[in-house]
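Engineer: Have a look at this one before I ask anything.
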Amino acid sequence: MSQTGKTALILVDVINSFFDPSQPNYYKGVEDVLPAIRALRAAAKASGAIVVHAVERHRPGFGDFEWRKLPVHHVDGAFDGQFFGEFAPEGDNETVVWKRRFSAFFATDLALFLAEQQVERVVIAGVKTNVCIRATAQDAFANGFEPVVPREATNSNRSHLAEASLEDIDRYMGRVVSLDEAIGMLS
């Protein structure tokens, strides 16, 4: 990785489905990541680094292969798929990528968009470590971007799988770093 390459922040599924206690995908402790995500976003905003909100959305009225394994969820316009709290995109450096699978890269234009912006490294934060974060990190690596996951900015209701995923990300795909180190990359 070049020292001069740009770094972007990818916020994965910071939506009501996971963070609103009334929703079925909410899990105890998920809110522990919110201060770290806020700090990362603030650092990106201050430096002008790109922030990508990668959110799962499905088309209303149409079937989706994912629903063979999971219940219907995140239909465009539904409460569970809306941005949580203050996490709706704002400002010129923020954009949205709709994803229909776990990875923010699979079947989206994210890799093309990041390449066009000369991004070389992505800081990935959000939920869940062992599902969408891991898939996004793996596909970031496969698309030629260095994935960086701040440990404090992701978690899961399956802590043993989260730890195994972080170990694999650090060993095979990119780096797992402290929040302070990730903020430094975005500053």
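By convention here, the chains of the structure tokens are called A, B, ... in the order presented, each chain's residues are numbered starting at 1, and ligands are numbered starting at 1 in the order presented.
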Could you produce a table of the residues of range 79-128 of chain A lying within 8 Å of range 51-58 of chain A, with the nearest pair of atoms per residue and their separation in Å rounded to one decimal, using only C-alpha atoms, ordered by chain and increasing residue number, as a tab-separated table?
Structural biologist:
residue	atom	partner	partner_atom	distance
A:Gly81	CA	A:Arg57	CA	6.5
A:Pro89	CA	A:His53	CA	7.1
A:Asn93	CA	A:Val51	CA	6.1
A:Glu94	CA	A:Val51	CA	4.6
A:Thr95	CA	A:Val52	CA	5.1
A:Val96	CA	A:His53	CA	4.7
A:Val97	CA	A:Ala54	CA	4.8
A:Trp98	CA	A:Val55	CA	5.2
A:Lys99	CA	A:Glu56	CA	4.7
A:Arg100	CA	A:Glu56	CA	5.4
A:Arg101	CA	A:Glu56	CA	7.0
A:Phe102	CA	A:Glu56	CA	7.8
A:Ala104	CA	A:Ala54	CA	5.7
Engineer: I'd like the neighbourhood of Val72 in chain A as a list in words, where a residue qualifies if any of its atoms comes within 10 Å (using only C-alpha atoms), though same-chain residues fewer than 4 positions away should be ignored.
Structural biologist: His58, Gly63, Asp64, Glu66, Trp67 and Arg68 of chain A
Engineer: Kindly save the residues from that selection, with C-alpha atoms included, as an mmCIF file, in the first residue's frame.
Structural biologist:
data_model
loop_
_atom_site.group_PDB
_atom_site.id
_atom_site.type_symbol
_atom_site.label_atom_id
_atom_site.label_comp_id
_atom_site.auth_asym_id
_atom_site.auth_seq_id
_atom_site.Cartn_x
_atom_site.Cartn_y
_atom_site.Cartn_z
ATOM 1 C CA HIS A 58 -34.281 -5.486 -1.292
ATOM 2 C CA GLY A 63 -38.507 -12.402 -4.404
ATOM 3 C CA ASP A 64 -34.879 -12.616 -3.358
ATOM 4 C CA GLU A 66 -31.418 -14.647 0.243
ATOM 5 C CA TRP A 67 -34.896 -15.253 1.627
ATOM 6 C CA ARG A 68 -34.495 -18.990 1.108
#
Engineer: Take CA of Asn157 in chain A and CA of Asp109 in chain A and report the distance between them in Å, one decimal.
Structural biologist: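 Pair CA of Asn157 in chain A / CA of Asp109 in chain A returns 29.4 Å.
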Engineer: What gap, in Å, lies between CA of Glu90 in chain A and CA of Asn155 in chain A?
Structural biologist: 24.7 Å
Engineer: Please build the interface table for range 95-161 of chain A against range 1-25 of chain A with a cut-off of 7 Å, listing for each qualifying residue the nearest atom pair and the distance in Å to one decimal; count only C-alpha atoms, order rows by chain and increasing number, and write it as JSON lines.
Structural biologist:
{"residue": "A:Gln118", "atom": "CA", "partner": "A:Lys6", "partner_atom": "CA", "distance": 6.3}
{"residue": "A:Val119", "atom": "CA", "partner": "A:Lys6", "partner_atom": "CA", "distance": 4.5}
{"residue": "A:Glu120", "atom": "CA", "partner": "A:Gly5", "partner_atom": "CA", "distance": 5.4}
{"residue": "A:Arg121", "atom": "CA", "partner": "A:Thr7", "partner_atom": "CA", "distance": 4.7}
{"residue": "A:Val122", "atom": "CA", "partner": "A:Ala8", "partner_atom": "CA", "distance": 4.9}
{"residue": "A:Val123", "atom": "CA", "partner": "A:Leu9", "partner_atom": "CA", "distance": 4.8}
{"residue": "A:Ile124", "atom": "CA", "partner": "A:Ile10", "partner_atom": "CA", "distance": 4.9}
{"residue": "A:Ala125", "atom": "CA", "partner": "A:Leu11", "partner_atom": "CA", "distance": 5.1}
{"residue": "A:Gly126", "atom": "CA", "partner": "A:Val12", "partner_atom": "CA", "distance": 4.7}
{"residue": "A:Val127", "atom": "CA", "partner": "A:Val12", "partner_atom": "CA", "distance": 6.2}
Engineer: Hey, what does DSSP flag as strand (DSSP E or B) within range 35-112 of chain A? Can you give it to me as a ChimeraX atom specification?
Structural biologist: /A:51-56,58,75,83,94-99
Engineer: Using only C-alpha atoms, pick whichever of A:Gln117, A:Phe79, A:Thr108, A:Gly48 has the shortest atom-to-atom distance to Asp92 in chain A.
Structural biologist: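 Ranking A:Gln117, A:Phe79, A:Thr108, A:Gly48 by distance to Asp92 in chain A, first place goes to A:Gly48.
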Engineer: Output as a Markdown table one row per residue of range 9-119 of chain A within 10 Å of range 172-181 of chain A: the closest atom pair and its distance in Å to one decimal place, counting only C-alpha atoms, sorted by chain and residue number ascending.
Structural biologist:
| residue | atom | partner | partner_atom | distance |
| --- | --- | --- | --- | --- |
| A:Ala36 | CA | A:Leu179 | CA | 6.8 |
| A:Ile37 | CA | A:Leu179 | CA | 9.2 |
| A:Ala39 | CA | A:Leu179 | CA | 8.5 |
| A:Leu40 | CA | A:Leu179 | CA | 7.9 |
